[in-house]
file protein-v3.cif (mmCIF, C-alpha atoms)
data_target
#
loop_
_atom_site.label_atom_id
_atom_site.label_comp_id
_atom_site.auth_asym_id
_atom_site.auth_seq_id
_atom_site.Cartn_x
_atom_site.Cartn_y
_atom_site.Cartn_z
CA MET A 1 100.42 2.84 121.34
CA ASN A 2 100.70 6.15 123.24
CA ASP A 3 104.15 5.18 124.50
CA THR A 4 105.26 4.42 120.95
CA VAL A 5 103.99 7.78 119.71
CA ARG A 6 105.71 9.57 122.58
CA ARG A 7 109.03 7.84 121.83
CA LEU A 8 108.76 8.75 118.15
CA GLU A 9 108.05 12.38 119.06
CA GLU A 10 111.03 12.46 121.42
CA ALA A 11 113.28 10.88 118.80
CA PHE A 12 112.16 13.40 116.16
CA SER A 13 112.61 16.29 118.57
CA SER A 14 116.07 15.08 119.54
CA THR A 15 117.00 14.73 115.88
CA GLY A 16 115.71 18.24 115.15
CA GLU A 17 117.71 19.68 118.03
CA ARG A 18 120.88 17.93 116.89
CA LYS A 19 120.33 19.31 113.41
CA LEU A 20 119.84 22.79 114.84
CA LEU A 21 123.13 22.52 116.74
CA THR A 22 124.83 21.43 113.52
CA VAL A 23 123.22 24.28 111.58
CA SER A 24 124.29 26.74 114.28
CA ALA A 25 127.88 25.47 114.08
CA VAL A 26 127.91 25.90 110.29
CA ALA A 27 126.27 29.34 110.48
CA LEU A 28 128.69 30.58 113.12
CA ALA A 29 131.62 29.19 111.14
CA ALA A 30 130.36 31.15 108.11
CA VAL A 31 130.14 34.28 110.28
CA TYR A 32 133.71 33.67 111.42
CA VAL A 33 135.01 33.35 107.87
CA PHE A 34 133.09 36.44 106.75
CA CYS A 35 134.43 38.54 109.62
CA ILE A 36 138.11 37.61 109.27
CA VAL A 37 138.02 37.96 105.45
CA PHE A 38 135.92 41.10 104.99
CA LEU A 39 136.16 42.98 108.31
CA ASP A 40 139.37 44.60 109.52
CA PRO A 41 140.73 43.88 113.02
CA SER A 42 139.31 47.13 114.38
CA ASP A 43 137.35 48.21 117.49
CA ASP A 44 138.70 46.50 120.60
CA VAL A 45 140.95 44.02 118.78
CA PRO A 46 144.01 46.32 118.46
CA VAL A 47 143.57 47.36 122.08
CA PHE A 48 143.50 43.74 123.26
CA TYR A 49 146.56 42.93 121.14
CA ARG A 50 148.41 45.94 122.53
CA ASP A 51 147.55 44.82 126.08
CA TRP A 52 148.79 41.31 125.29
CA LEU A 53 152.11 42.65 123.91
CA ALA A 54 152.52 44.72 127.07
CA LEU A 55 151.99 41.65 129.26
CA GLU A 56 154.27 39.56 127.05
CA GLY A 57 156.92 42.22 127.50
CA GLY A 58 156.81 41.80 131.27
CA ARG A 59 154.52 44.69 132.14
CA LEU A 60 151.64 44.15 134.57
CA PRO A 61 148.07 45.29 133.89
CA TYR A 62 146.74 48.03 136.19
CA VAL A 63 150.30 48.57 137.49
CA ASP A 64 152.46 49.26 134.43
CA PHE A 65 149.73 50.01 131.90
CA SER A 66 146.06 50.97 131.93
CA PHE A 67 143.61 48.09 131.54
CA GLY A 68 139.90 48.84 131.31
CA ASN A 69 138.34 45.51 132.31
CA PRO A 70 138.25 43.33 135.45
CA PRO A 71 141.16 40.88 135.80
CA LEU A 72 139.68 37.61 134.44
CA SER A 73 139.01 39.23 131.08
CA PHE A 74 142.75 39.06 130.49
CA LEU A 75 142.46 35.27 130.23
CA PHE A 76 140.41 35.64 127.04
CA ILE A 77 142.94 38.16 125.73
CA ALA A 78 145.90 35.95 126.56
CA ILE A 79 144.59 32.77 124.86
CA PRO A 80 144.67 34.21 121.31
CA GLY A 81 147.77 36.21 122.27
CA ILE A 82 149.78 33.07 123.02
CA LEU A 83 148.87 31.61 119.62
CA SER A 84 149.36 34.76 117.51
CA TRP A 85 152.36 36.41 115.87
CA ASP A 86 150.85 39.67 114.58
CA LEU A 87 147.64 41.71 114.80
CA TYR A 88 145.79 39.83 112.07
CA SER A 89 146.62 36.39 113.47
CA TYR A 90 145.53 37.64 116.89
CA TYR A 91 142.22 38.74 115.34
CA CYS A 92 141.74 35.31 113.75
CA PHE A 93 142.34 33.47 117.00
CA GLN A 94 140.19 35.82 119.08
CA ALA A 95 137.36 35.53 116.57
CA ALA A 96 137.68 31.73 116.69
CA GLU A 97 137.64 31.80 120.50
CA MET A 98 134.47 33.91 120.65
CA THR A 99 132.81 31.85 117.90
CA VAL A 100 133.30 28.67 119.91
CA LEU A 101 131.84 30.38 122.98
CA ALA A 102 128.89 31.55 120.87
CA TRP A 103 128.17 27.96 119.82
CA LEU A 104 128.36 26.87 123.46
CA SER A 105 125.83 29.59 124.27
CA VAL A 106 123.44 28.07 121.69
CA TYR A 107 123.88 24.70 123.40
CA MET A 108 123.26 26.23 126.83
CA VAL A 109 120.08 27.98 125.61
CA MET A 110 118.84 24.59 124.45
CA LYS A 111 119.68 22.97 127.82
CA ILE A 112 117.97 25.72 129.86
CA SER A 113 114.91 25.59 127.61
CA GLY A 114 114.58 21.89 128.33
CA ARG A 115 115.00 22.48 132.07
CA LEU A 116 112.18 25.05 131.97
CA GLY A 117 109.90 22.75 129.97
CA LEU A 118 109.93 24.98 126.88
CA ASN A 119 110.08 24.05 123.20
CA ARG A 120 113.84 23.70 122.94
CA PHE A 121 114.00 23.84 119.16
CA ARG A 122 111.90 27.00 118.80
CA VAL A 123 113.50 28.94 121.64
CA THR A 124 117.03 28.04 120.50
CA ALA A 125 116.28 28.85 116.85
CA MET A 126 114.99 32.30 117.81
CA TYR A 127 118.10 32.95 119.87
CA LEU A 128 120.39 31.82 117.02
CA LEU A 129 118.65 34.13 114.54
CA LEU A 130 119.34 37.20 116.63
CA LEU A 131 122.82 36.07 117.67
CA LEU A 132 123.90 35.92 114.03
CA MET A 133 122.86 39.56 113.57
CA TYR A 134 125.49 40.64 116.09
CA SER A 135 128.33 38.85 114.31
CA GLU A 136 130.88 41.70 114.39
CA GLU A 137 130.26 42.39 118.09
CA LEU A 138 130.48 38.66 118.71
CA VAL A 139 133.99 38.21 117.28
CA LYS A 140 135.60 41.55 118.18
CA LYS A 141 134.46 41.93 121.79
CA LEU A 142 134.63 39.84 124.97
CA ASP A 143 130.91 40.06 125.73
CA MET A 144 130.18 36.56 124.44
CA ALA A 145 132.34 35.13 127.21
CA VAL A 146 130.43 36.94 129.93
CA ALA A 147 127.03 36.17 128.35
CA LEU A 148 127.95 32.48 128.35
CA SER A 149 128.91 32.69 132.03
CA VAL A 150 125.42 34.02 132.82
CA LEU A 151 123.76 31.21 130.87
CA LEU A 152 125.89 28.62 132.66
CA ALA A 153 125.10 30.19 136.05
CA VAL A 154 121.35 30.15 135.33
CA TYR A 155 121.53 26.52 134.24
CA LEU A 156 123.45 25.48 137.35
CA PHE A 157 121.01 27.39 139.55
CA LEU A 158 118.02 25.67 137.95
CA GLN A 159 119.84 22.37 138.55
CA ARG A 160 120.02 23.30 142.28
CA ARG A 161 123.80 23.41 142.12
CA PHE A 162 123.83 26.69 143.98
CA PRO A 163 127.51 27.09 145.01
CA SER A 164 128.61 26.40 141.43
CA ALA A 165 126.04 28.90 140.11
CA TYR A 166 127.29 31.64 142.42
CA LEU A 167 130.90 30.83 141.58
CA VAL A 168 130.25 31.10 137.83
CA LEU A 169 128.47 34.44 138.34
CA ILE A 170 131.47 35.71 140.30
CA LEU A 171 133.84 34.55 137.55
CA GLY A 172 131.63 36.29 134.99
CA THR A 173 131.79 39.48 137.05
CA MET A 174 135.57 39.22 136.88
CA ILE A 175 135.28 39.42 133.06
CA LYS A 176 132.71 42.23 132.95
CA LEU A 177 130.71 43.54 135.86
CA TYR A 178 127.12 42.99 134.74
CA PRO A 179 126.65 39.38 136.04
CA ALA A 180 126.87 40.86 139.55
CA VAL A 181 123.31 42.18 139.20
CA LEU A 182 122.04 38.59 139.18
CA ILE A 183 123.60 37.66 142.53
CA PRO A 184 120.86 39.31 144.69
CA VAL A 185 118.21 37.72 142.45
CA PHE A 186 119.68 34.27 143.04
CA MET A 187 119.88 34.91 146.79
CA MET A 188 116.22 35.96 146.93
CA ALA A 189 115.26 32.85 144.98
CA ASN A 190 117.14 30.75 147.54
CA LEU A 191 115.39 32.47 150.45
CA SER A 192 111.98 31.99 148.84
CA GLU A 193 112.36 28.21 149.00
CA ARG A 194 110.41 27.95 152.24
CA SER A 195 110.19 24.17 152.18
CA ALA A 196 113.98 23.73 151.95
CA PRO A 197 115.74 23.54 155.34
CA ALA A 198 118.96 24.72 153.69
CA ARG A 199 117.47 27.83 152.07
CA LEU A 200 119.24 30.26 154.41
CA ARG A 201 122.48 28.31 154.13
CA ASN A 202 122.30 28.34 150.32
CA ALA A 203 121.91 32.13 150.23
CA LEU A 204 124.57 32.60 152.91
CA ASN A 205 127.02 30.37 151.02
CA GLY A 206 126.49 32.54 147.96
CA LEU A 207 127.12 35.70 149.96
CA LEU A 208 130.28 34.22 151.52
CA LEU A 209 131.58 33.21 148.10
CA VAL A 210 131.04 36.75 146.84
CA LEU A 211 132.69 38.37 149.86
CA GLY A 212 135.58 35.89 149.81
CA THR A 213 136.25 36.47 146.12
CA VAL A 214 136.09 40.25 146.49
CA ALA A 215 138.52 40.10 149.42
CA ALA A 216 140.90 37.82 147.50
CA VAL A 217 140.86 40.03 144.38
CA PHE A 218 141.41 43.21 146.35
CA ALA A 219 144.21 41.57 148.35
CA ALA A 220 145.92 40.35 145.17
CA MET A 221 145.74 43.82 143.62
CA ALA A 222 147.07 45.37 146.81
CA VAL A 223 150.04 42.98 146.67
CA LEU A 224 150.71 44.27 143.14
CA GLY A 225 151.03 47.72 144.64
CA LEU A 226 147.69 49.24 143.68
CA SER A 227 146.16 51.79 146.03
CA ALA A 228 142.60 51.38 147.31
CA ASP A 229 141.48 54.28 145.09
CA ARG A 230 142.99 52.67 141.99
CA ILE A 231 141.37 49.30 142.79
CA MET A 232 137.96 50.92 143.15
CA ASP A 233 138.49 52.87 139.94
CA ILE A 234 138.98 49.61 138.00
CA PHE A 235 135.47 48.51 138.96
CA THR A 236 133.72 51.87 138.85
CA GLN A 237 135.34 53.73 135.94
CA GLN A 238 132.33 53.14 133.65
CA SER A 239 130.16 55.21 135.99
CA GLY A 240 132.15 58.33 135.17
CA ARG A 241 131.47 58.29 131.42
CA SER A 242 129.18 60.61 129.49
CA PHE A 243 126.00 59.43 127.79
CA GLN A 244 126.74 57.08 124.92
CA ILE A 245 124.57 57.48 121.80
CA GLU A 246 122.79 54.13 122.24
CA SER A 247 121.87 54.65 125.88
CA VAL A 248 118.30 55.71 126.57
CA VAL A 249 119.27 59.19 127.78
CA GLY A 250 122.00 59.61 125.15
CA ASN A 251 119.58 58.68 122.37
CA LEU A 252 116.99 61.17 123.63
CA LEU A 253 119.63 63.89 124.00
CA GLN A 254 120.70 63.26 120.41
CA ILE A 255 117.13 63.36 119.09
CA PHE A 256 116.26 66.56 120.99
CA GLY A 257 119.49 68.12 119.73
CA MET A 258 118.60 67.15 116.15
CA LEU A 259 115.25 68.89 116.67
CA GLY A 260 117.13 72.11 117.44
CA LEU A 261 116.42 72.39 121.15
CA TYR A 262 120.11 72.89 121.96
CA ALA A 263 123.57 72.51 120.45
CA TYR A 264 125.06 69.04 120.58
CA GLU A 265 128.02 67.12 119.22
CA ILE A 266 128.77 63.42 118.67
CA VAL A 267 132.29 62.73 119.92
CA GLY A 268 134.37 59.55 119.67
CA ASN A 269 135.43 58.30 123.10
CA ASN A 270 136.75 54.91 124.27
CA HIS A 271 135.93 53.24 120.93
CA THR A 272 132.34 54.42 121.05
CA TYR A 273 130.43 57.69 120.55
CA ILE A 274 129.04 59.98 123.22
CA VAL A 275 126.59 62.90 123.05
CA GLU A 276 128.09 66.15 124.29
CA CYS A 277 125.55 68.85 125.16
CA ALA A 278 124.69 71.14 128.07
CA PRO A 279 121.78 69.05 129.45
CA GLY A 280 123.87 65.88 129.33
CA ASP A 281 126.80 67.53 131.10
CA ALA A 282 124.43 68.75 133.82
CA ILE A 283 123.13 65.31 134.79
CA SER A 284 125.88 62.85 133.82
CA GLY A 285 127.75 63.23 137.11
CA VAL A 286 124.81 62.02 139.20
CA TRP A 287 123.05 59.72 136.74
CA VAL A 288 124.63 56.60 138.21
CA ILE A 289 122.42 57.25 141.26
CA VAL A 290 119.36 56.88 139.01
CA THR A 291 120.68 53.52 137.81
CA ALA A 292 121.34 52.32 141.37
CA VAL A 293 117.92 53.46 142.65
CA SER A 294 116.13 51.86 139.69
CA TYR A 295 117.89 48.57 140.36
CA LEU A 296 117.05 48.68 144.08
CA ILE A 297 113.39 49.40 143.31
CA LEU A 298 113.33 46.39 141.01
CA LEU A 299 114.84 44.18 143.72
CA TYR A 300 112.12 45.37 146.12
CA VAL A 301 109.42 44.52 143.58
CA ILE A 302 110.94 41.07 143.00
CA TRP A 303 111.07 40.30 146.70
CA HIS A 304 107.83 41.92 147.83
CA PHE A 305 105.53 40.69 145.09
CA ARG A 306 106.97 37.27 144.44
CA PHE A 307 109.82 35.76 146.43
CA ASP A 308 108.66 37.04 149.84
CA LYS A 309 105.58 34.84 149.58
CA GLY A 310 107.52 31.63 149.00
CA THR A 311 107.22 29.74 145.76
CA GLU A 312 106.97 26.23 144.40
CA ALA A 313 109.93 24.89 142.46
CA GLU A 314 108.50 25.33 138.94
CA GLU A 315 107.21 28.84 139.64
CA ARG A 316 110.45 29.78 141.36
CA ASP A 317 112.49 28.72 138.32
CA ALA A 318 110.29 30.82 136.01
CA MET A 319 110.45 33.80 138.34
CA THR A 320 114.22 33.51 138.68
CA VAL A 321 114.62 33.69 134.90
CA ARG A 322 112.19 36.61 134.57
CA ALA A 323 113.78 38.47 137.46
CA SER A 324 117.27 37.90 136.03
CA ALA A 325 116.21 39.31 132.66
CA ALA A 326 114.52 42.28 134.36
CA ALA A 327 117.67 43.00 136.40
CA VAL A 328 119.84 43.09 133.26
CA LEU A 329 117.26 45.19 131.40
CA VAL A 330 116.94 47.82 134.13
CA ILE A 331 120.73 48.28 134.13
CA LEU A 332 120.92 48.48 130.33
CA LEU A 333 118.05 50.97 130.09
CA THR A 334 119.17 53.31 132.88
CA PHE A 335 122.96 53.28 132.57
CA MET A 336 124.98 55.93 130.69
CA VAL A 337 126.43 53.38 128.26
CA PHE A 338 124.52 50.89 126.10
CA SER A 339 127.00 49.80 123.45
CA THR A 340 125.78 47.57 120.63
CA GLN A 341 127.56 44.48 121.98
CA TYR A 342 125.64 44.79 125.26
CA MET A 343 122.68 43.31 123.41
CA LEU A 344 124.49 39.99 123.77
CA TRP A 345 123.81 40.31 127.51
CA ILE A 346 120.05 40.28 127.11
CA ILE A 347 119.27 38.31 123.93
CA THR A 348 120.53 35.24 125.80
CA LEU A 349 117.81 35.59 128.48
CA LEU A 350 114.80 36.99 126.62
CA PRO A 351 113.93 33.78 124.70
CA PHE A 352 113.21 32.05 128.04
CA VAL A 353 111.08 34.96 129.25
CA ILE A 354 109.03 34.83 126.05
CA GLY A 355 108.76 31.06 126.00
CA LEU A 356 107.44 31.01 129.57
CA GLU A 357 104.44 33.18 128.61
CA LYS A 358 101.27 31.05 128.53
CA ASP A 359 99.06 33.37 126.52
CA LEU A 360 99.48 32.77 122.79
CA ARG A 361 98.80 36.35 121.66
CA THR A 362 101.13 37.85 124.25
CA ARG A 363 103.84 35.37 123.42
CA ARG A 364 103.66 36.13 119.72
CA THR A 365 103.76 39.87 120.44
CA LEU A 366 106.89 39.36 122.54
CA TRP A 367 108.53 37.36 119.75
CA VAL A 368 107.79 40.21 117.33
CA ILE A 369 109.40 42.69 119.72
CA TYR A 370 112.38 40.36 120.05
CA LEU A 371 112.82 40.08 116.29
CA ILE A 372 112.41 43.84 115.76
CA GLN A 373 116.13 44.01 116.52
CA PHE A 374 116.76 42.86 112.92
CA ALA A 375 115.35 46.12 111.57
CA VAL A 376 116.94 48.21 114.30
CA LEU A 377 120.58 47.21 113.82
CA LEU A 378 121.06 48.02 110.12
CA PRO A 379 120.48 51.84 110.15
CA LEU A 380 122.74 52.18 113.18
CA MET A 381 125.56 50.22 111.53
CA VAL A 382 125.23 52.21 108.27
CA TRP A 383 125.59 55.48 110.18
CA LEU A 384 128.53 54.29 112.29
CA LEU A 385 130.35 52.82 109.28
CA PHE A 386 129.61 55.42 106.59
CA GLY A 387 128.51 58.52 108.50
CA THR A 388 125.17 58.82 106.68
CA GLY A 389 121.60 58.56 107.92
CA GLU A 390 121.94 59.93 111.46
CA ALA A 391 118.18 60.47 111.79
CA PHE A 392 117.41 56.90 110.78
CA ALA A 393 120.08 55.58 113.15
CA ALA A 394 118.72 57.62 116.08
CA ALA A 395 115.17 56.48 115.30
CA SER A 396 116.27 52.83 115.13
CA VAL A 397 117.98 53.06 118.52
CA LEU A 398 114.85 54.71 119.94
CA ILE A 399 112.74 51.81 118.64
CA ARG A 400 115.14 49.31 120.18
CA ASN A 401 115.14 51.03 123.56
CA VAL A 402 111.35 51.41 123.61
CA SER A 403 110.89 47.76 122.69
CA LEU A 404 113.24 46.67 125.47
CA PHE A 405 111.43 48.97 127.90
CA LEU A 406 108.15 47.26 126.96
CA VAL A 407 109.74 43.89 127.67
CA LEU A 408 110.94 45.21 131.04
CA LEU A 409 107.40 46.33 131.88
CA TYR A 410 106.16 42.89 130.89
CA CYS A 411 108.72 41.21 133.16
CA VAL A 412 107.79 43.46 136.09
CA GLY A 413 104.11 42.80 135.45
CA ALA A 414 104.70 39.05 135.37
CA ILE A 415 106.76 39.23 138.56
CA ALA A 416 104.14 41.33 140.35
CA ASP A 417 101.36 39.23 138.80
CA CYS A 418 99.51 42.44 137.86
CA ARG A 419 97.47 40.92 135.07
CA THR A 420 95.11 38.03 134.59
CA ARG A 421 96.73 35.23 132.67
CA SER A 422 94.86 33.38 129.99
CA ARG A 423 94.82 29.63 129.91
CA SER A 424 97.93 27.91 128.64
CA VAL A 425 98.07 27.62 124.87
CA SER A 426 100.81 25.75 123.08
CA ILE A 427 102.03 26.77 119.69
#
call {"tool": "encode", "arguments": {"input": "protein-v3.cif", "output": "structure tokens"}}
result
Amino acid sequence: MNDTVRRLEEAFSSTGERKLLTVSAVALAAVYVFCIVFLDPSDDVPVFYRDWLALEGGRLPYVDFSFGNPPLSFLFIAIPGILSWDLYSYYCFQAAEMTVLAWLSVYMVMKISGRLGLNRFRVTAMYLLLLLMYSEELVKKLDMAVALSVLLAVYLFLQRRFPSAYLVLILGTMIKLYPAVLIPVFMMANLSERSAPARLRNALNGLLLVLGTVAAVFAAMAVLGLSADRIMDIFTQQSGRSFQIESVVGNLLQIFGMLGLYAYEIVGNNHTYIVECAPGDAISGVWVIVTAVSYLILLYVIWHFRFDKGTEAEERDAMTVRASAAAVLVILLTFMVFSTQYMLWIITLLPFVIGLEKDLRTRRTLWVIYLIQFAVLLPLMVWLLFGTGEAFAAASVLIRNVSLFLVLLYCVGAIADCRTRSRSVSI
């Protein structure tokens, strides 16, 4: 009788998950249609199309024209470029490309949830809700591609397919740099597997893959005629930017300026907006050091309080996910730039962090914080689109950043095991 009930539950769950995947496909298709009909091909789309036309005309990125992303990102620019004949058709194909990747991310969230023993339907549904809120960023940027690479890398790592996981992270870093922050986390998770004879080899293989890829990329760029300084600039140019309005420091500088503490100005720069003021100018040149130190402190906490002690497989998987989310959060919250589309980097990981929490009250509180992003996004978009409501926009960004900081503190607390956990309660 129990076996029959269990089979029926599994069949119902599987049916519900298939329906959710179907609903997600329909919802994302609706987002696609809305975006290409009602939203102009603005933001990064004209830049990508211009870069494609330059390549099609025989010019090389980095050599003959400036290109602001790592090399593999050009693949996702070239695919719609090959199929298009003008800017609008390029926009349609790029939006379709990113929409497909978004659906694949929904599928990967469901797969990872199952691997972690979480409620796959609930976790995936929560992710889909927030993903749909970032529809314009989804179709006009390349961040969905890199977010999917992180999800795939996490899934492969949890499957113990370590070389493939490292390789996918490296490929993701060649689209945008942020997946690189997960590589040390994965290596520490490998080293914490005390019972595995191959633990050192697994971490070393990951390191060798990273070093080999870096050497190959730098060698290829050198063959193209790029100097060492120019190659480094491709990967470090973001560190030289001023504080963007959505970054933690930029948001605070804007708010303090609005309160009359000093003169400030919001200036368009690189398809975003930065805060220009005397305090910001004074610290922007060295602020990247704060980001680097914050990240290194987090790595120490991860290793010292958790992975250094050795972990069992189930605990190690949970800690790897929490540590990965914390690594992305600490970069987002301390870096000079926190553009709206960067939320796609973290909303893919937070549902697992929340689902892993055993205490019912804490888990529900975390879900509320996660869903606060609904209320946060609208005032910001109204201000950016229509130029009205700056105070509401600044307040909404402050709420978002504070809520993400609270989640970061939660992750660090869970990693360091600083609190007493209540007994497991299932919703």
call {"tool": "residues_around", "arguments": {"input": "protein-v3.cif", "residues": "Ser164 of chain A", "least_positions_apart": "6", "cutoff": "9 Å", "atoms": "only C-alpha atoms", "output": "VMD selection string"}}
result
chain A and resid 153 156 to 157
call {"tool": "closest_residue", "arguments": {"input": "protein-v3.cif", "among": "A:Thr213, A:Asn251, A:Thr340, A:Ser24", "to": "Thr272 of chain A", "atoms": "only C-alpha atoms"}}
result
A:Thr340
call {"tool": "atom_distance", "arguments": {"input": "protein-v3.cif", "atom1": "atom CA of Pro379 of chain A", "atom2": "atom CA of Leu409 of chain A"}}
result
26.0 Å
call {"tool": "resolve_selection", "arguments": {"input": "protein-v3.cif", "expression": "the PyMOL selection byres ((chain A and resi 277) around 7)", "output": "ChimeraX atom specification"}}
result
/A:263-265,275-276,278-281
call {"tool": "atom_distance", "arguments": {"input": "protein-v3.cif", "atom1": "atom CA of Leu253 of chain A", "atom2": "atom CA of Tyr370 of chain A"}}
result
24.9 Å
call {"tool": "closest_residue", "arguments": {"input": "protein-v3.cif", "among": "A:Arg161, A:Arg322, A:Lys358, A:Arg364", "to": "Cys411 of chain A", "atoms": "all atoms listed in the file"}}
result
A:Arg322
call {"tool": "atom_distance", "arguments": {"input": "protein-v3.cif", "atom1": "atom CA of Tyr166 of chain A", "atom2": "atom CA of Val181 of chain A"}}
result
11.7 Å
call {"tool": "resolve_selection", "arguments": {"input": "protein-v3.cif", "expression": "the PyMOL selection byres ((chain A and resi 206) around 12)", "output": "PyMOL selection string"}}
result
chain A and resi 157+161-170+180+182-191+199-205+207-213
call {"tool": "resolve_selection", "arguments": {"input": "protein-v3.cif", "expression": "the PyMOL selection byres ((chain A and resi 408) around 9)", "output": "count of residues only"}}
result
15
call {"tool": "residues_around", "arguments": {"input": "protein-v3.cif", "residues": "Gln94 of chain A", "least_positions_apart": "3", "cutoff": "12 Å", "atoms": "all atoms listed in the file", "output": "MDAnalysis selection string"}}
result
chainID A and resid 32 35:36 41 44:46 48:49 52 75:84 87:91 97:101 136:142 144:145
call {"tool": "write_last_selection", "arguments": {"input": "protein-v3.cif", "atoms": "C-alpha atoms", "output": "mmCIF file, in the frame of the given file"}}
result
data_model
loop_
_atom_site.group_PDB
_atom_site.id
_atom_site.type_symbol
_atom_site.label_atom_id
_atom_site.label_comp_id
_atom_site.auth_asym_id
_atom_site.auth_seq_id
_atom_site.Cartn_x
_atom_site.Cartn_y
_atom_site.Cartn_z
ATOM 1 C CA TYR A 32 133.710 33.670 111.420
ATOM 2 C CA CYS A 35 134.430 38.540 109.620
ATOM 3 C CA ILE A 36 138.110 37.610 109.270
ATOM 4 C CA PRO A 41 140.730 43.880 113.020
ATOM 5 C CA ASP A 44 138.700 46.500 120.600
ATOM 6 C CA VAL A 45 140.950 44.020 118.780
ATOM 7 C CA PRO A 46 144.010 46.320 118.460
ATOM 8 C CA PHE A 48 143.500 43.740 123.260
ATOM 9 C CA TYR A 49 146.560 42.930 121.140
ATOM 10 C CA TRP A 52 148.790 41.310 125.290
ATOM 11 C CA LEU A 75 142.460 35.270 130.230
ATOM 12 C CA PHE A 76 140.410 35.640 127.040
ATOM 13 C CA ILE A 77 142.940 38.160 125.730
ATOM 14 C CA ALA A 78 145.900 35.950 126.560
ATOM 15 C CA ILE A 79 144.590 32.770 124.860
ATOM 16 C CA PRO A 80 144.670 34.210 121.310
ATOM 17 C CA GLY A 81 147.770 36.210 122.270
ATOM 18 C CA ILE A 82 149.780 33.070 123.020
ATOM 19 C CA LEU A 83 148.870 31.610 119.620
ATOM 20 C CA SER A 84 149.360 34.760 117.510
ATOM 21 C CA LEU A 87 147.640 41.710 114.800
ATOM 22 C CA TYR A 88 145.790 39.830 112.070
ATOM 23 C CA SER A 89 146.620 36.390 113.470
ATOM 24 C CA TYR A 90 145.530 37.640 116.890
ATOM 25 C CA TYR A 91 142.220 38.740 115.340
ATOM 26 C CA GLU A 97 137.640 31.800 120.500
ATOM 27 C CA MET A 98 134.470 33.910 120.650
ATOM 28 C CA THR A 99 132.810 31.850 117.900
ATOM 29 C CA VAL A 100 133.300 28.670 119.910
ATOM 30 C CA LEU A 101 131.840 30.380 122.980
ATOM 31 C CA GLU A 136 130.880 41.700 114.390
ATOM 32 C CA GLU A 137 130.260 42.390 118.090
ATOM 33 C CA LEU A 138 130.480 38.660 118.710
ATOM 34 C CA VAL A 139 133.990 38.210 117.280
ATOM 35 C CA LYS A 140 135.600 41.550 118.180
ATOM 36 C CA LYS A 141 134.460 41.930 121.790
ATOM 37 C CA LEU A 142 134.630 39.840 124.970
ATOM 38 C CA MET A 144 130.180 36.560 124.440
ATOM 39 C CA ALA A 145 132.340 35.130 127.210
#
